[in-house]
$ cat my_file07.cif   # mmCIF, C-alpha atoms
data_data
#
loop_
_atom_site.label_atom_id
_atom_site.label_comp_id
_atom_site.auth_asym_id
_atom_site.auth_seq_id
_atom_site.Cartn_x
_atom_site.Cartn_y
_atom_site.Cartn_z
CA MET A 1 5.73 -31.35 -20.22
CA GLY A 2 5.43 -27.86 -18.83
CA PRO A 3 6.80 -25.64 -17.54
CA LEU A 4 8.79 -25.59 -20.78
CA SER A 5 11.57 -23.55 -19.15
CA SER A 6 12.44 -26.48 -16.87
CA SER A 7 11.82 -29.41 -19.23
CA LEU A 8 13.64 -27.89 -22.23
CA ILE A 9 16.17 -25.74 -20.31
CA PHE A 10 15.97 -22.47 -22.26
CA PRO A 11 19.08 -20.50 -23.16
CA GLU A 12 19.00 -17.02 -21.59
CA TRP A 13 17.95 -15.22 -24.80
CA LEU A 14 14.95 -17.48 -25.30
CA ASP A 15 13.89 -17.14 -21.67
CA LEU A 16 14.00 -13.34 -22.01
CA LEU A 17 12.25 -13.41 -25.40
CA PHE A 18 9.35 -15.27 -23.75
CA ALA A 19 9.41 -12.71 -20.92
CA PHE A 20 8.91 -9.97 -23.53
CA ILE A 21 6.17 -11.87 -25.39
CA ILE A 22 4.28 -12.75 -22.18
CA GLY A 23 4.69 -9.15 -20.97
CA THR A 24 3.23 -7.93 -24.27
CA GLY A 25 0.20 -10.17 -23.81
CA PHE A 26 -0.13 -8.96 -20.23
CA GLY A 27 -0.01 -5.28 -21.21
CA PHE A 28 -2.41 -5.89 -24.10
CA ALA A 29 -4.96 -7.65 -21.85
CA LEU A 30 -4.76 -4.97 -19.14
CA GLU A 31 -5.22 -2.15 -21.64
CA GLN A 32 -8.11 -3.93 -23.40
CA ALA A 33 -9.78 -4.33 -20.00
CA GLY A 34 -9.78 -0.53 -19.76
CA PHE A 35 -7.15 -0.48 -17.00
CA SER A 36 -5.21 2.36 -18.61
CA SER A 37 -7.76 4.68 -16.96
CA SER A 38 -7.22 5.59 -13.30
CA ARG A 39 -10.81 6.79 -12.97
CA LYS A 40 -12.04 3.39 -14.11
CA LEU A 41 -9.75 1.62 -11.62
CA ALA A 42 -10.75 3.96 -8.78
CA GLY A 43 -14.42 3.23 -9.60
CA MET A 44 -13.91 -0.09 -7.84
CA PHE A 45 -13.62 1.73 -4.51
CA TYR A 46 -16.60 4.03 -5.01
CA GLY A 47 -18.83 1.48 -6.71
CA TYR A 48 -19.50 3.28 -10.00
CA ASP A 49 -17.29 0.91 -12.05
CA THR A 50 -16.44 -2.60 -10.87
CA THR A 51 -14.46 -3.80 -13.89
CA VAL A 52 -11.47 -4.48 -11.60
CA ILE A 53 -13.09 -7.28 -9.62
CA LYS A 54 -14.65 -8.84 -12.73
CA VAL A 55 -11.38 -8.97 -14.66
CA PHE A 56 -9.28 -9.93 -11.65
CA PHE A 57 -11.35 -12.90 -10.49
CA THR A 58 -12.18 -14.12 -13.99
CA ALA A 59 -8.45 -14.17 -14.80
CA ALA A 60 -7.51 -15.96 -11.58
CA ILE A 61 -10.21 -18.61 -12.14
CA VAL A 62 -9.25 -19.20 -15.80
CA ALA A 63 -5.61 -19.69 -14.76
CA LEU A 64 -6.64 -21.93 -11.83
CA ILE A 65 -8.88 -24.18 -13.93
CA GLY A 66 -6.44 -24.20 -16.86
CA SER A 67 -3.42 -25.11 -14.77
CA GLN A 68 -5.28 -27.87 -12.92
CA LEU A 69 -6.54 -29.35 -16.21
CA LEU A 70 -3.04 -29.25 -17.72
CA ASN A 71 -1.72 -30.86 -14.54
CA PHE A 72 -4.43 -33.54 -14.63
CA PHE A 73 -3.55 -34.50 -18.21
CA GLY A 74 0.15 -34.60 -17.36
CA LEU A 75 1.00 -31.54 -19.44
CA LEU A 76 2.09 -29.24 -16.62
CA ASN A 77 3.98 -30.18 -13.48
CA MET A 78 2.54 -27.79 -10.90
CA ASN A 79 5.38 -28.67 -8.49
CA GLN A 80 7.71 -26.73 -10.77
CA VAL A 81 5.54 -23.61 -10.96
CA PHE A 82 6.61 -20.87 -8.56
CA VAL A 83 4.42 -20.58 -5.45
CA ASN A 84 4.64 -17.28 -3.56
CA GLU A 85 6.28 -17.63 -0.17
CA LEU A 86 4.32 -16.40 2.81
CA TYR A 87 5.75 -13.75 5.12
CA VAL A 88 2.69 -12.94 7.23
CA GLY A 89 3.51 -9.44 8.56
CA PRO A 90 5.12 -8.13 5.36
CA ALA A 91 2.20 -9.41 3.24
CA ILE A 92 -0.32 -7.53 5.39
CA ILE A 93 1.71 -4.35 6.02
CA GLY A 94 2.92 -4.22 2.41
CA GLY A 95 -0.64 -4.81 1.23
CA VAL A 96 -1.98 -1.93 3.34
CA ILE A 97 0.75 0.41 2.03
CA MET A 98 -0.19 -0.69 -1.51
CA GLY A 99 -3.87 -0.04 -0.81
CA ALA A 100 -3.00 3.53 0.21
CA GLY A 101 -0.93 3.91 -2.95
CA PHE A 102 -3.79 2.53 -5.06
CA ILE A 103 -6.34 5.09 -3.84
CA MET A 104 -3.89 8.00 -4.05
CA GLY A 105 -2.42 7.16 -7.45
CA GLY A 106 -5.34 5.38 -9.09
CA PHE A 107 -3.03 2.76 -10.61
CA CYS A 108 -1.15 -0.35 -9.62
CA PRO A 109 2.32 -0.82 -11.15
CA GLY A 110 1.16 -2.94 -14.13
CA THR A 111 -1.81 -0.78 -15.05
CA GLY A 112 0.31 2.35 -14.54
CA LEU A 113 2.76 1.09 -17.17
CA CYS A 114 -0.13 0.43 -19.61
CA ALA A 115 -1.48 3.93 -19.08
CA LEU A 116 2.00 5.36 -19.58
CA ALA A 117 2.25 3.43 -22.86
CA ILE A 118 -0.86 5.16 -24.26
CA GLY A 119 0.32 8.64 -23.26
CA LYS A 120 -1.20 9.38 -19.83
CA ILE A 121 1.01 12.00 -18.16
CA ASP A 122 -0.35 11.12 -14.70
CA ALA A 123 0.81 7.53 -15.27
CA LEU A 124 4.29 8.78 -16.20
CA VAL A 125 4.40 10.63 -12.86
CA PHE A 126 3.03 7.52 -11.08
CA ALA A 127 5.87 5.47 -12.63
CA ALA A 128 8.41 8.08 -11.48
CA GLY A 129 6.92 7.69 -8.00
CA GLY A 130 7.23 3.91 -8.36
CA ILE A 131 10.92 4.18 -9.23
CA THR A 132 11.35 6.45 -6.20
CA GLY A 133 9.49 3.93 -4.02
CA ALA A 134 11.77 1.07 -5.12
CA PHE A 135 14.81 3.28 -4.48
CA LEU A 136 13.53 4.27 -1.01
CA PHE A 137 12.93 0.61 -0.17
CA ALA A 138 16.48 -0.30 -1.19
CA GLU A 139 17.97 2.57 0.84
CA THR A 140 15.84 1.91 3.94
CA TYR A 141 16.31 -1.89 3.70
CA PRO A 142 19.12 -2.01 6.35
CA TYR A 143 16.62 -0.56 8.85
CA ILE A 144 13.61 -2.70 7.97
CA PHE A 145 15.05 -6.06 6.90
CA LYS A 146 14.01 -7.68 10.17
CA LEU A 147 10.41 -6.67 9.50
CA ALA A 148 10.74 -7.63 5.81
CA ASP A 149 11.84 -11.17 6.69
CA SER A 150 9.47 -11.74 9.60
CA GLY A 151 6.68 -14.31 9.86
CA TYR A 152 8.14 -16.67 7.26
CA LYS A 153 5.95 -19.73 6.65
CA GLY A 154 7.23 -20.99 3.28
CA PRO A 155 5.23 -21.49 0.06
CA VAL A 156 1.98 -22.42 1.85
CA LYS A 157 -1.06 -23.32 -0.26
CA ILE A 158 -4.46 -22.20 0.94
CA ASN A 159 -6.30 -25.45 0.15
CA GLU A 160 -3.68 -27.44 2.09
CA SER A 161 -4.02 -25.22 5.16
CA LEU A 162 -7.79 -25.74 4.96
CA GLY A 163 -7.32 -29.48 4.45
CA ILE A 164 -9.25 -29.66 1.16
CA SER A 165 -8.29 -30.50 -2.43
CA SER A 166 -7.30 -27.80 -4.91
CA GLY A 167 -10.30 -28.71 -7.06
CA LEU A 168 -12.77 -28.22 -4.21
CA PHE A 169 -11.18 -24.92 -3.23
CA THR A 170 -11.38 -23.73 -6.84
CA LEU A 171 -15.08 -24.66 -6.95
CA LEU A 172 -15.71 -22.67 -3.74
CA LEU A 173 -13.78 -19.74 -5.19
CA ILE A 174 -15.89 -19.84 -8.36
CA ILE A 175 -19.08 -19.73 -6.27
CA ALA A 176 -17.68 -16.81 -4.23
CA ALA A 177 -16.69 -15.03 -7.46
CA ILE A 178 -20.18 -15.40 -8.97
CA LEU A 179 -21.63 -13.89 -5.78
CA MET A 180 -19.17 -11.01 -5.94
CA PHE A 181 -19.95 -10.40 -9.64
CA TRP A 182 -23.65 -10.23 -8.78
CA ILE A 183 -22.98 -7.72 -5.96
CA ALA A 184 -20.69 -5.76 -8.30
CA GLU A 185 -23.43 -5.46 -10.95
CA LEU A 186 -25.86 -4.23 -8.26
CA ALA A 187 -23.28 -1.73 -6.94
CA GLU A 188 -22.77 -0.25 -10.41
CA LYS A 189 -26.49 0.58 -10.53
CA ARG A 190 -26.70 1.77 -6.92
CA PHE A 191 -23.59 4.01 -7.08
CA ALA A 192 -23.87 4.94 -10.75
CA ARG A 193 -22.05 8.13 -11.78
CA PRO A 194 -22.90 8.63 -15.43
CA GLU A 195 -20.93 11.90 -15.54
CA ILE A 196 -17.77 9.85 -14.87
CA THR A 197 -18.56 6.60 -16.70
CA ASP A 198 -19.51 8.49 -19.88
CA GLU A 199 -16.02 10.02 -19.96
CA ILE A 200 -13.91 6.93 -19.25
CA MET B 1 -13.74 -4.93 -24.20
CA ASN B 2 -16.31 -6.75 -22.06
CA PRO B 3 -14.70 -7.12 -18.60
CA TYR B 4 -15.37 -10.86 -18.32
CA LEU B 5 -13.86 -11.42 -21.77
CA ALA B 6 -10.85 -9.28 -20.84
CA GLY B 7 -10.54 -11.40 -17.69
CA VAL B 8 -10.44 -14.59 -19.78
CA LEU B 9 -7.74 -13.03 -21.99
CA LEU B 10 -5.69 -12.04 -18.94
CA GLY B 11 -6.17 -15.52 -17.44
CA VAL B 12 -4.91 -17.16 -20.65
CA VAL B 13 -1.80 -14.93 -20.61
CA LEU B 14 -1.20 -15.88 -16.97
CA LEU B 15 -1.63 -19.57 -17.82
CA MET B 16 0.89 -19.15 -20.67
CA ALA B 17 3.40 -17.65 -18.22
CA MET B 18 2.90 -20.65 -15.92
CA TYR B 19 3.17 -23.20 -18.76
CA ILE B 20 6.12 -21.64 -20.58
CA SER B 21 8.18 -20.04 -17.82
CA GLY B 22 6.88 -21.75 -14.66
CA ARG B 23 5.94 -18.45 -13.03
CA GLY B 24 3.21 -15.85 -12.83
CA LEU B 25 3.02 -12.28 -14.09
CA GLY B 26 4.64 -9.31 -12.37
CA ALA B 27 5.19 -5.58 -12.59
CA SER B 28 6.75 -4.11 -9.44
CA GLY B 29 9.64 -6.62 -9.55
CA GLY B 30 10.67 -5.34 -12.98
CA ILE B 31 10.67 -1.76 -11.70
CA LYS B 32 12.95 -2.88 -8.85
CA TYR B 33 15.44 -4.50 -11.26
CA CYS B 34 15.54 -1.29 -13.34
CA VAL B 35 16.28 0.77 -10.22
CA VAL B 36 18.95 -1.69 -9.04
CA SER B 37 20.58 -1.54 -12.47
CA LEU B 38 20.46 2.26 -12.50
CA VAL B 39 22.02 2.56 -9.03
CA GLY B 40 24.71 0.04 -10.04
CA THR B 41 25.57 2.15 -13.08
CA LEU B 42 25.60 5.49 -11.25
CA ASP B 43 27.39 4.42 -8.06
CA ARG B 44 28.96 0.98 -8.35
CA ASN B 45 30.72 1.34 -5.01
CA HIS B 46 27.49 2.03 -3.13
CA ALA B 47 25.74 -0.90 -4.85
CA GLU B 48 28.52 -3.37 -3.98
CA ASN B 49 28.69 -2.30 -0.34
CA SER B 50 24.93 -2.37 0.28
CA ILE B 51 23.36 -5.51 1.72
CA TYR B 52 20.36 -4.86 -0.55
CA TYR B 53 21.89 -4.10 -3.95
CA SER B 54 24.96 -6.35 -3.71
CA LYS B 55 22.94 -9.60 -4.02
CA TYR B 56 21.75 -8.54 -7.49
CA PHE B 57 25.32 -8.15 -8.78
CA GLU B 58 26.76 -11.44 -7.39
CA ASP B 59 28.76 -13.54 -9.88
CA GLY B 60 28.79 -10.66 -12.37
CA ARG B 61 25.02 -10.80 -12.91
CA LYS B 62 23.25 -7.99 -14.75
CA PRO B 63 19.93 -6.93 -13.17
CA LEU B 64 18.43 -5.89 -16.50
CA LYS B 65 18.98 -9.38 -17.94
CA ASN B 66 16.19 -10.65 -15.76
CA TRP B 67 12.81 -12.15 -16.68
CA LEU B 68 10.82 -9.56 -14.70
CA ALA B 69 12.83 -6.60 -16.02
CA VAL B 70 12.33 -7.64 -19.67
CA GLU B 71 8.67 -8.42 -19.00
CA ILE B 72 7.83 -4.81 -18.10
CA PHE B 73 9.14 -3.63 -21.49
CA GLY B 74 6.67 -6.14 -22.90
CA ILE B 75 3.88 -4.56 -20.80
CA LEU B 76 4.72 -1.18 -22.34
CA SER B 77 4.68 -2.61 -25.88
CA GLY B 78 1.44 -4.53 -25.29
CA GLY B 79 -0.28 -1.52 -23.76
CA PHE B 80 0.84 0.61 -26.71
CA LEU B 81 -0.38 -1.96 -29.27
CA SER B 82 -3.78 -2.23 -27.56
CA GLY B 83 -4.10 1.54 -27.27
CA ALA B 84 -3.23 1.97 -30.95
CA LEU B 85 -5.74 -0.70 -31.97
CA SER B 86 -8.52 0.88 -29.88
CA LYS B 87 -7.50 4.45 -30.88
CA ARG B 88 -6.67 5.55 -27.34
CA LEU B 89 -3.16 6.95 -27.94
CA ARG B 90 -3.14 10.54 -26.72
CA PHE B 91 -1.01 12.67 -24.40
CA ARG B 92 -3.17 13.84 -21.53
CA ILE B 93 -3.66 14.03 -17.77
CA GLU B 94 -6.71 12.06 -16.73
CA LYS B 95 -8.44 13.43 -13.63
CA SER B 96 -11.71 14.45 -12.09
CA PRO B 97 -12.84 17.92 -13.26
CA ASN B 98 -13.09 18.91 -9.57
CA ILE B 99 -9.32 18.84 -8.97
CA SER B 100 -6.35 20.65 -10.53
CA ASN B 101 -3.67 19.01 -12.71
CA ARG B 102 -1.15 19.80 -10.00
CA ARG B 103 -3.16 17.96 -7.35
CA ARG B 104 -3.64 14.94 -9.63
CA LEU B 105 0.08 14.72 -10.40
CA ILE B 106 1.16 15.10 -6.76
CA PHE B 107 -1.15 12.27 -5.70
CA ALA B 108 -0.10 10.15 -8.70
CA PHE B 109 3.53 10.51 -7.61
CA LEU B 110 2.76 9.67 -3.97
CA GLY B 111 0.64 6.73 -5.08
CA GLY B 112 3.58 5.35 -7.07
CA VAL B 113 5.95 5.74 -4.12
CA PHE B 114 3.59 3.96 -1.70
CA PHE B 115 2.58 1.21 -4.11
CA VAL B 116 6.04 0.09 -5.13
CA TYR B 117 7.45 0.48 -1.61
CA GLY B 118 4.66 -1.75 -0.25
CA ALA B 119 5.16 -4.20 -3.11
CA GLN B 120 8.82 -4.69 -2.19
CA LEU B 121 7.79 -5.48 1.40
CA ALA B 122 5.03 -7.89 0.34
CA ARG B 123 7.22 -9.41 -2.43
CA GLY B 124 4.84 -8.51 -5.23
CA CYS B 125 2.04 -6.16 -6.22
CA THR B 126 -1.47 -6.74 -7.54
CA SER B 127 0.03 -8.80 -10.40
CA GLY B 128 2.89 -10.75 -8.86
CA ALA B 129 1.50 -11.29 -5.37
CA ALA B 130 -2.29 -11.01 -5.59
CA LEU B 131 -3.28 -12.29 -9.07
CA SER B 132 -0.43 -14.74 -9.74
CA GLY B 133 -0.41 -15.79 -6.09
CA MET B 134 -4.11 -16.62 -6.16
CA ALA B 135 -3.67 -18.59 -9.39
CA VAL B 136 -1.27 -20.99 -7.62
CA LEU B 137 -3.48 -21.02 -4.49
CA SER B 138 -0.77 -19.48 -2.31
CA VAL B 139 -1.89 -18.10 1.06
CA ALA B 140 0.45 -15.14 0.41
CA GLY B 141 -1.57 -14.28 -2.71
CA PHE B 142 -4.94 -14.30 -0.97
CA LEU B 143 -3.64 -12.43 2.08
CA THR B 144 -1.98 -9.70 -0.02
CA MET B 145 -5.09 -9.38 -2.21
CA ILE B 146 -7.33 -8.89 0.84
CA ALA B 147 -4.87 -6.40 2.40
CA ILE B 148 -4.63 -4.30 -0.79
CA PHE B 149 -8.33 -4.12 -1.62
CA GLY B 150 -9.53 -4.02 2.00
CA SER B 151 -7.28 -1.10 2.93
CA ALA B 152 -8.03 0.76 -0.32
CA TYR B 153 -11.73 0.63 0.64
CA LEU B 154 -10.90 2.00 4.11
CA PHE B 155 -8.75 4.81 2.69
CA ALA B 156 -11.21 5.60 -0.13
CA TRP B 157 -13.31 7.87 2.08
CA PHE B 158 -10.33 10.17 2.78
CA PHE B 159 -9.45 10.59 -0.89
CA ARG B 160 -13.00 10.76 -2.29
CA LYS B 161 -12.60 14.39 -3.43
CA ASN B 162 -9.91 13.25 -5.87
CA TRP B 163 -12.24 10.88 -7.66
CA ILE B 164 -15.96 11.59 -7.18
#

$ encode --input "my_file07.cif" --output "structure tokens"
Amino acid sequence: MGPLSSSLIFPEWLDLLFAFIIGTGFGFALEQAGFSSSRKLAGMFYGYDTTVIKVFFTAAIVALIGSQLLNFFGLLNMNQVFVNELYVGPAIIGGVIMGAGFIMGGFCPGTGLCALAIGKIDALVFAAGGITGAFLFAETYPYIFKLADSGYKGPVKINESLGISSGLFTLLLIIAAILMFWIAELAEKRFARPEITDEI
Amino acid sequence: MNPYLAGVLLGVVLLMAMYISGRGLGASGGIKYCVVSLVGTLDRNHAENSIYYSKYFEDGRKPLKNWLAVEIFGILSGGFLSGALSKRLRFRIEKSPNISNRRRLIFAFLGGVFFVYGAQLARGCTSGAALSGMAVLSVAGFLTMIAIFGSAYLFAWFFRKNWI
């Protein structure tokens, strides 16, 4: 029964080997999606290319349905899968800082690494910025740790706070995603920029 | 690749991470572990006396021997493999023809600084907080996702000359 790392108790080398294999799959999928191009990623925010939302929500829904099916058939114990802990203020403030970084740099950390891997110099510089950002966070931590640890609510699940089952929430999310995909397809026509999309 | 198909592929990889390792995907966390390791190597004294770094060296632990740190080397190898397969390996600066290389690189650097700084605060980036967080239905995942994309839309107007 999954997660295999808790039922089989992996030795460290095997745990890290899986980290490398899963990372390879992750990088491969991101690059195949076209996310090694900052102009493609930025298209999400100007409407001329909406690949980001299509890939992002399709992936989340596949993982949601897959994990709930595995859980239903007793193959995956969802109680042993990590659930992100909620720190309200840090999630919002950190998210806004990330949004600013996204529109300035044109990458997020994962897609930046993919672009670096295929030789994009701008992604190399983005990664250098990322290393600097992590260093700055570590050095400023003594001044901001109160903010960083504020608003702690624990690993709260969204369906539980709404008082509905995970299956029903997933269904609602699928409907919302289909609506967003439809709007995204319309936006690509409305805000089309062939001079950019022909190049990327 | 068709975006919906690429999304299915990414979702299957995420599901594998959940089934095998009991966790989601990540990117900014791995960058943090590399930085922590680097600082520990360059200035051990500073690392041991800092309330931030010291927790990563407790009980003789090595920050690079961490799931997230190893995973980002996988991201690099997977990106390279995919690029090689699709014949996209090439050294170049990608940018709008309306801006200079210098401008693109300055904003790329600033973008990296902001993104990873914000990711440390929010305990994850688009991968670890938003995508993986949504896949386990965590409120943190949805909230971070909305904050990242919502604010990027708000800021997009100010940076439009860089892209369109």

$ closest_residue --input "my_file07.cif" --among "B:Ile146, B:Ile99, B:Gly11, B:Ala129" --to "Arg160 in chain B" --atoms "all atoms listed in the file"
B:Ile99

$ resolve_selection --input "my_file07.cif" --expression "the PyMOL selection byres ((chain B and resi 65) around 12)" --output "PDB file with C-alpha atoms, in the coordinates of the input"
ATOM      1  CA  GLU A  12      19.000 -17.020 -21.590  1.00  0.00           C
ATOM      2  CA  TRP A  13      17.950 -15.220 -24.800  1.00  0.00           C
ATOM      3  CA  LEU A  14      14.950 -17.480 -25.300  1.00  0.00           C
ATOM      4  CA  ASP A  15      13.890 -17.140 -21.670  1.00  0.00           C
ATOM      5  CA  LEU A  16      14.000 -13.340 -22.010  1.00  0.00           C
ATOM      6  CA  LEU A  17      12.250 -13.410 -25.400  1.00  0.00           C
ATOM      7  CA  ALA A  19       9.410 -12.710 -20.920  1.00  0.00           C
ATOM      8  CA  PHE A  20       8.910  -9.970 -23.530  1.00  0.00           C
TER       9      PHE A  20
ATOM     10  CA  GLY B  30      10.670  -5.340 -12.980  1.00  0.00           C
ATOM     11  CA  TYR B  33      15.440  -4.500 -11.260  1.00  0.00           C
ATOM     12  CA  CYS B  34      15.540  -1.290 -13.340  1.00  0.00           C
ATOM     13  CA  VAL B  36      18.950  -1.690  -9.040  1.00  0.00           C
ATOM     14  CA  SER B  37      20.580  -1.540 -12.470  1.00  0.00           C
ATOM     15  CA  TYR B  56      21.750  -8.540  -7.490  1.00  0.00           C
ATOM     16  CA  PHE B  57      25.320  -8.150  -8.780  1.00  0.00           C
ATOM     17  CA  GLY B  60      28.790 -10.660 -12.370  1.00  0.00           C
ATOM     18  CA  ARG B  61      25.020 -10.800 -12.910  1.00  0.00           C
ATOM     19  CA  LYS B  62      23.250  -7.990 -14.750  1.00  0.00           C
ATOM     20  CA  PRO B  63      19.930  -6.930 -13.170  1.00  0.00           C
ATOM     21  CA  LEU B  64      18.430  -5.890 -16.500  1.00  0.00           C
ATOM     22  CA  ASN B  66      16.190 -10.650 -15.760  1.00  0.00           C
ATOM     23  CA  TRP B  67      12.810 -12.150 -16.680  1.00  0.00           C
ATOM     24  CA  LEU B  68      10.820  -9.560 -14.700  1.00  0.00           C
ATOM     25  CA  ALA B  69      12.830  -6.600 -16.020  1.00  0.00           C
ATOM     26  CA  VAL B  70      12.330  -7.640 -19.670  1.00  0.00           C
ATOM     27  CA  GLU B  71       8.670  -8.420 -19.000  1.00  0.00           C
ATOM     28  CA  PHE B  73       9.140  -3.630 -21.490  1.00  0.00           C
TER      29      PHE B  73
END

$ resolve_selection --input "my_file07.cif" --expression "the PyMOL selection byres ((chain A and resi 147-149) around 10)" --output "list in words"
Leu86, Tyr87, Val88, Gly89, Pro90, Ala91, Ile93, Gly94, Tyr141, Tyr143, Ile144, Phe145, Lys146, Ser150, Gly151 and Tyr152 of chain A; Gln120, Leu121, Ala122 and Arg123 of chain B

$ closest_residue --input "my_file07.cif" --among "A:Leu136, A:Met180, A:Ile118, A:Ile164" --to "Ile75 in chain B" --atoms "all atoms listed in the file"
A:Ile118

$ atom_distance --input "my_file07.cif" --atom1 "CA of Ala192 in chain A" --atom2 "CA of Ile103 in chain A"
18.8 Å

$ closest_residue --input "my_file07.cif" --among "B:Ile20, B:Ala152, B:Leu76, B:Val116" --to "Gly130 in chain A" --atoms "all atoms listed in the file"
B:Val116

$ atom_distance --input "my_file07.cif" --atom1 "CA of Ile158 in chain A" --atom2 "CA of Leu137 in chain B"
5.6 Å

$ closest_residue --input "my_file07.cif" --among "A:Leu64, A:Ala29, A:Leu8, A:Met44" --to "Leu168 in chain A" --atoms "all atoms listed in the file"
A:Leu64

$ resolve_selection --input "my_file07.cif" --expression "the PyMOL selection byres ((chain B and resi 13) around 9)" --output "mmCIF file with C-alpha atoms, in the frame of the given file"
data_model
loop_
_atom_site.group_PDB
_atom_site.id
_atom_site.type_symbol
_atom_site.label_atom_id
_atom_site.label_comp_id
_atom_site.auth_asym_id
_atom_site.auth_seq_id
_atom_site.Cartn_x
_atom_site.Cartn_y
_atom_site.Cartn_z
ATOM 1 C CA ILE A 22 4.280 -12.750 -22.180
ATOM 2 C CA GLY A 23 4.690 -9.150 -20.970
ATOM 3 C CA GLY A 25 0.200 -10.170 -23.810
ATOM 4 C CA PHE A 26 -0.130 -8.960 -20.230
ATOM 5 C CA ALA A 29 -4.960 -7.650 -21.850
ATOM 6 C CA ALA A 59 -8.450 -14.170 -14.800
ATOM 7 C CA ALA A 63 -5.610 -19.690 -14.760
ATOM 8 C CA VAL B 8 -10.440 -14.590 -19.780
ATOM 9 C CA LEU B 9 -7.740 -13.030 -21.990
ATOM 10 C CA LEU B 10 -5.690 -12.040 -18.940
ATOM 11 C CA GLY B 11 -6.170 -15.520 -17.440
ATOM 12 C CA VAL B 12 -4.910 -17.160 -20.650
ATOM 13 C CA LEU B 14 -1.200 -15.880 -16.970
ATOM 14 C CA LEU B 15 -1.630 -19.570 -17.820
ATOM 15 C CA MET B 16 0.890 -19.150 -20.670
ATOM 16 C CA ALA B 17 3.400 -17.650 -18.220
ATOM 17 C CA MET B 18 2.900 -20.650 -15.920
ATOM 18 C CA LEU B 25 3.020 -12.280 -14.090
#

$ residues_around --input "my_file07.cif" --residues "Gly111 in chain B" --least-positions-apart "5" --cutoff "6 Å" --atoms "all atoms listed in the file" --output "mmCIF file with C-alpha atoms, in the frame of the given file"
data_model
loop_
_atom_site.group_PDB
_atom_site.id
_atom_site.type_symbol
_atom_site.label_atom_id
_atom_site.label_comp_id
_atom_site.auth_asym_id
_atom_site.auth_seq_id
_atom_site.Cartn_x
_atom_site.Cartn_y
_atom_site.Cartn_z
ATOM 1 C CA GLY A 101 -0.930 3.910 -2.950
ATOM 2 C CA MET A 104 -3.890 8.000 -4.050
ATOM 3 C CA GLY A 105 -2.420 7.160 -7.450
#

$ closest_residue --input "my_file07.cif" --among "B:Val39, B:Val113, B:Ala130, B:Ile51" --to "chain A" --atoms "all atoms listed in the file"
B:Val113

$ closest_residue --input "my_file07.cif" --among "A:Leu113, A:Asn71, A:Gly119, A:Ala128" --to "Ile106 in chain B" --atoms "only C-alpha atoms"
A:Ala128

$ atom_distance --input "my_file07.cif" --atom1 "CA of Met78 in chain A" --atom2 "CA of Met1 in chain A"
10.5 Å

$ residues_around --input "my_file07.cif" --residues "Lys40 in chain A" --least-positions-apart "4" --cutoff "7 Å" --atoms "only C-alpha atoms" --output "PyMOL selection string"
chain A and resi 35+49+200

$ residues_near_point --input "my_file07.cif" --point "(-18.5, 11.5, -16.2)" --cutoff "12 Å" --atoms "only C-alpha atoms" --output "PyMOL selection string"
(chain A and resi 39-40+43+48-49+192-200) or (chain B and resi 94-98+163-164)
